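Student: If you scroll down you'll find the structure; I have some questions about it.
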Amino acid sequence: MTDAPTHATGTGTGTGTATDTGTDDAADRKVVEQEQAEIKDFVKGLSADDIKSGNWFTKLAAHAMNSYTEKVDWQYFQDRYAGVPADAIVDQRIKMAARYAALEGGLSAGAYTATVAATIGSLGGASPATVPVAVATMMVDVAFLTQLQLRLAYDVSVLYRVPLDVHDPEDLWKLIRVAFTIKSGEAAREGVAKAVPVLVRPLVKRFYSGSVLTAGKTLPVVGKHLLQRNVIKIGIPLVGVPLAVLLNRYTTLLAGRHARAVFRNEARVIEVAEGLTRRSRHPQLMLWVAWLVIRADRKLADDEALLMRHLVRLVRERHEVVDEQLAQLVDVDPADVWERIDAESGDLSDILDAADRVATVDGDVTAREKAVIAELRERCRRV
């Protein structure tokens, strides 16, 4: 795998290459050890305060993504997987990332001690020298997985051609949420328990019922989430190494599959928006009809909001249409839309097609959406 260095300064991705299926354990181990060495250098630069405050995550995100995203784009994957559908490439990269994660878990777990969880709470000072060796070992594991899963999620977004700018705070937070399957109000305990095999779950739940994670409660939400997930591997006696391997593998598989579900769905919505925009002969009217259909049931699903955002963007880019009145609208009045329909002449089949596609983008068509489309169809016949 000489063509696939896993660090950000190289040209690889850290989650596999076109030779994924031909790699053996020795080659994978070499890649992981190379990555570990770089992560160790990063961890050496952290202070005890960085770890305790959660600043380590902010620093790692920059370390992991800045130069990486400059090299890895859609063309990068096309050069290595020419003609291969995105779904197939994503599947291979998730599997490779899981293999790397499992190998790293085995390498790190041997150096863990059961006192690390207690040591976290006693960290003090801002000098890197004050970071205990046991905590530094744990942070290499945490940082390795964090970087691996961030890059994997980014790879998946690129492969499905979902635009993400890691320098934009909103896009970066979206990437973080997807990479670590963070949901509002979800406890780390619940997320971890779901990520491990059934036979291990009772052990994990018993561990979380104790006070071993009290020290982690002061960390920011992302740092806390990641630290808690990894502390399990060192706090349960006797099963440290096998559990570390399992947790690393399963959490990475979970992250990859979640990224695939999220970004593949967004790619589907973008595809719908692109098709409607390309075929539309009435782009401005299409936006009004789309919004009327979306708001018919007085609810706004995530996929509907996403579709509308991309429709507005694509109509602006391809048809140079910007509708300020629509942008400032609070409540859409059906009468206003019907007036716009009645003012048109000629074939409005593209508008009817748009209404049908918009109504189904978030699943089954509701009764109110059907009523709007029926009225629209009747008015289009009169034109």
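Numbering starts fresh at 1 for the residues of each chain in the structure tokens, the chains themselves are lettered A, B, ... in the order given, and ligands are numbered from 1 as they appear.
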What lies within 10 Å of Phe77 of chain A using only C-alpha atoms, ignoring chain neighbours under 3 positions off, as a list of chain:residue names?
Tutor: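 Skipping anything fewer than 3 positions along the chain leaves A:Thr13, A:Thr17, A:Ala18, A:Val72, A:Asp73, A:Trp74, A:Arg80, A:Tyr81, A:Ala82, A:Val84, A:Ala86, A:Ile89, A:Asp155, A:Val158, A:Leu159.
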Student: From the set A:Val32, A:Ile51, A:Ala153, A:Asp165, which residue has the shortest atom-to-atom contact distance to Glu70 of chain A, counting only C-alpha atoms?
Tutor: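 Comparing A:Val32, A:Ile51, A:Ala153, A:Asp165 against Glu70 of chain A, the winner is A:Asp165.
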Student: List as a ChimeraX atom specification the protein and nucleic acid residues near Met308 of chain A, meaning an atom at most 9 Å away when only C-alpha atoms are counted, but skip any in the same chain fewer than 2 places from it.
Tutor: /A:273,287,290-291,294,303-306,310-313,358
Student: List the spatial neighbours of Asp302 of chain A as a count of residues only - criterion: any atom at most 12 Å away, only C-alpha atoms, same-chain residues fewer than 6 positions off excluded.
Tutor: 10
Student: Please compute the atom CA of Arg29 of chain A-atom CA of Phe180 of chain A distance, one decimal, in Å.
Tutor: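 So the answer is 24.0 Å.
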Student: I'd like the contact shell of segment 56-58 of chain A - 10 Å cut-off, only C-alpha atoms, skipping same-chain residues fewer than 6 positions apart - returned as a PyMOL selection string.
Tutor: chain A and resi 42-43+45-50+139+142-143+146-147+220+222-224+226
Student: Go through A:Tyr100, A:Tyr76, A:Trp288, A:Phe263 one by one, measure the shortest atom-to-atom distance of each to Tyr250 of chain A using only C-alpha atoms, and give the residue with the smallest value.
Tutor: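 The answer is A:Tyr100, which sits nearest to Tyr250 of chain A.
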Student: Report, in Å to a single decimal, how far apart atom CA of Leu246 of chain A and atom CA of Asp41 of chain A are.
Tutor: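 Spanning atom CA of Asp41 of chain A to atom CA of Leu246 of chain A is a straight-line distance of 25.7 Å.
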Student: Record the distance separating atom CA of Tyr160 of chain A and atom CA of Gln78 of chain A, expressed in Å with one decimal.
Tutor: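 Answer for the atom CA of Tyr160 of chain A to atom CA of Gln78 of chain A separation: 11.9 Å.
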Student: If we count only C-alpha atoms and set the cut-off at 12 Å, which residues sit around Asn66 of chain A, ignoring sequence neighbours fewer than 4 positions away in its own chain? Please answer as number ranges by chain.
Tutor: A: 7-9, 58-62, 70-72, 147, 150-151, 154, 165-168, 172
Student: With only C-alpha atoms as the counted atoms, please give the residues lying no more than 10 Å from Ala101 of chain A, apart from itself and same-chain residues fewer than 6 positions off, as a PyMOL selection string.
Tutor: chain A and resi 15+32+95+107+141+144-145+148-149+244-253
Student: Restricting it to N, CA, C and O atoms, dump the selection as a PDB file, in the first residue's frame.
Tutor:
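In the end it all went to part-v4.pdb:
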ATOM      1  N   THR A  15      -8.206   5.329   4.827  1.00  0.00           N
ATOM      2  CA  THR A  15      -9.296   4.346   4.858  1.00  0.00           C
ATOM      3  C   THR A  15      -9.282   3.465   3.621  1.00  0.00           C
ATOM      4  O   THR A  15     -10.298   2.980   3.176  1.00  0.00           O
ATOM      5  N   VAL A  32      -0.959   1.141   9.984  1.00  0.00           N
ATOM      6  CA  VAL A  32      -1.459   1.581  11.284  1.00  0.00           C
ATOM      7  C   VAL A  32      -0.312   2.065  12.166  1.00  0.00           C
ATOM      8  O   VAL A  32      -0.435   3.098  12.845  1.00  0.00           O
ATOM      9  N   LYS A  95     -14.938  -0.828   5.245  1.00  0.00           N
ATOM     10  CA  LYS A  95     -14.324  -2.072   5.703  1.00  0.00           C
ATOM     11  C   LYS A  95     -12.840  -1.879   6.017  1.00  0.00           C
ATOM     12  O   LYS A  95     -12.326  -2.414   7.009  1.00  0.00           O
ATOM     13  N   LEU A 107      -3.151  -2.873  19.313  1.00  0.00           N
ATOM     14  CA  LEU A 107      -1.828  -2.328  19.612  1.00  0.00           C
ATOM     15  C   LEU A 107      -1.850  -1.419  20.832  1.00  0.00           C
ATOM     16  O   LEU A 107      -0.939  -1.434  21.659  1.00  0.00           O
ATOM     17  N   ASP A 141      -4.851   6.459  21.189  1.00  0.00           N
ATOM     18  CA  ASP A 141      -5.970   5.642  20.726  1.00  0.00           C
ATOM     19  C   ASP A 141      -7.165   6.512  20.343  1.00  0.00           C
ATOM     20  O   ASP A 141      -7.768   6.367  19.271  1.00  0.00           O
ATOM     21  N   PHE A 144      -6.312   8.591  17.231  1.00  0.00           N
ATOM     22  CA  PHE A 144      -6.263   7.757  16.031  1.00  0.00           C
ATOM     23  C   PHE A 144      -7.674   7.508  15.504  1.00  0.00           C
ATOM     24  O   PHE A 144      -7.957   7.701  14.319  1.00  0.00           O
ATOM     25  N   LEU A 145      -8.569   7.053  16.397  1.00  0.00           N
ATOM     26  CA  LEU A 145      -9.942   6.769  15.980  1.00  0.00           C
ATOM     27  C   LEU A 145     -10.665   8.027  15.521  1.00  0.00           C
ATOM     28  O   LEU A 145     -11.422   8.009  14.549  1.00  0.00           O
ATOM     29  N   LEU A 148      -9.385   8.922  12.084  1.00  0.00           N
ATOM     30  CA  LEU A 148      -9.829   7.916  11.122  1.00  0.00           C
ATOM     31  C   LEU A 148     -11.299   8.106  10.759  1.00  0.00           C
ATOM     32  O   LEU A 148     -11.681   8.080   9.584  1.00  0.00           O
ATOM     33  N   GLN A 149     -12.136   8.328  11.762  1.00  0.00           N
ATOM     34  CA  GLN A 149     -13.568   8.426  11.508  1.00  0.00           C
ATOM     35  C   GLN A 149     -13.960   9.764  10.893  1.00  0.00           C
ATOM     36  O   GLN A 149     -14.885   9.834  10.085  1.00  0.00           O
ATOM     37  N   ALA A 244     -11.162  -3.830  23.250  1.00  0.00           N
ATOM     38  CA  ALA A 244     -10.636  -2.686  22.506  1.00  0.00           C
ATOM     39  C   ALA A 244     -10.724  -2.924  21.010  1.00  0.00           C
ATOM     40  O   ALA A 244     -11.108  -2.044  20.234  1.00  0.00           O
ATOM     41  N   VAL A 245     -10.373  -4.148  20.593  1.00  0.00           N
ATOM     42  CA  VAL A 245     -10.447  -4.490  19.176  1.00  0.00           C
ATOM     43  C   VAL A 245     -11.888  -4.425  18.691  1.00  0.00           C
ATOM     44  O   VAL A 245     -12.190  -3.839  17.645  1.00  0.00           O
ATOM     45  N   LEU A 246     -12.807  -5.012  19.471  1.00  0.00           N
ATOM     46  CA  LEU A 246     -14.218  -5.019  19.082  1.00  0.00           C
ATOM     47  C   LEU A 246     -14.812  -3.618  19.039  1.00  0.00           C
ATOM     48  O   LEU A 246     -15.503  -3.250  18.090  1.00  0.00           O
ATOM     49  N   LEU A 247     -14.544  -2.834  20.093  1.00  0.00           N
ATOM     50  CA  LEU A 247     -15.099  -1.479  20.142  1.00  0.00           C
ATOM     51  C   LEU A 247     -14.573  -0.617  18.997  1.00  0.00           C
ATOM     52  O   LEU A 247     -15.330   0.113  18.366  1.00  0.00           O
ATOM     53  N   ASN A 248     -13.276  -0.684  18.764  1.00  0.00           N
ATOM     54  CA  ASN A 248     -12.710   0.104  17.669  1.00  0.00           C
ATOM     55  C   ASN A 248     -13.341  -0.273  16.342  1.00  0.00           C
ATOM     56  O   ASN A 248     -13.708   0.587  15.532  1.00  0.00           O
ATOM     57  N   ARG A 249     -13.471  -1.575  16.131  1.00  0.00           N
ATOM     58  CA  ARG A 249     -14.020  -2.033  14.853  1.00  0.00           C
ATOM     59  C   ARG A 249     -15.491  -1.651  14.715  1.00  0.00           C
ATOM     60  O   ARG A 249     -15.910  -1.101  13.694  1.00  0.00           O
ATOM     61  N   TYR A 250     -16.278  -1.915  15.754  1.00  0.00           N
ATOM     62  CA  TYR A 250     -17.719  -1.684  15.660  1.00  0.00           C
ATOM     63  C   TYR A 250     -18.068  -0.195  15.635  1.00  0.00           C
ATOM     64  O   TYR A 250     -18.988   0.208  14.927  1.00  0.00           O
ATOM     65  N   THR A 251     -17.360   0.625  16.408  1.00  0.00           N
ATOM     66  CA  THR A 251     -17.658   2.055  16.366  1.00  0.00           C
ATOM     67  C   THR A 251     -17.285   2.650  15.019  1.00  0.00           C
ATOM     68  O   THR A 251     -17.956   3.561  14.530  1.00  0.00           O
ATOM     69  N   THR A 252     -16.232   2.132  14.396  1.00  0.00           N
ATOM     70  CA  THR A 252     -15.845   2.624  13.069  1.00  0.00           C
ATOM     71  C   THR A 252     -16.836   2.157  12.011  1.00  0.00           C
ATOM     72  O   THR A 252     -17.211   2.928  11.114  1.00  0.00           O
ATOM     73  N   LEU A 253     -17.276   0.902  12.096  1.00  0.00           N
ATOM     74  CA  LEU A 253     -18.318   0.436  11.184  1.00  0.00           C
ATOM     75  C   LEU A 253     -19.588   1.268  11.352  1.00  0.00           C
ATOM     76  O   LEU A 253     -20.231   1.661  10.370  1.00  0.00           O
TER      77      LEU A 253
END
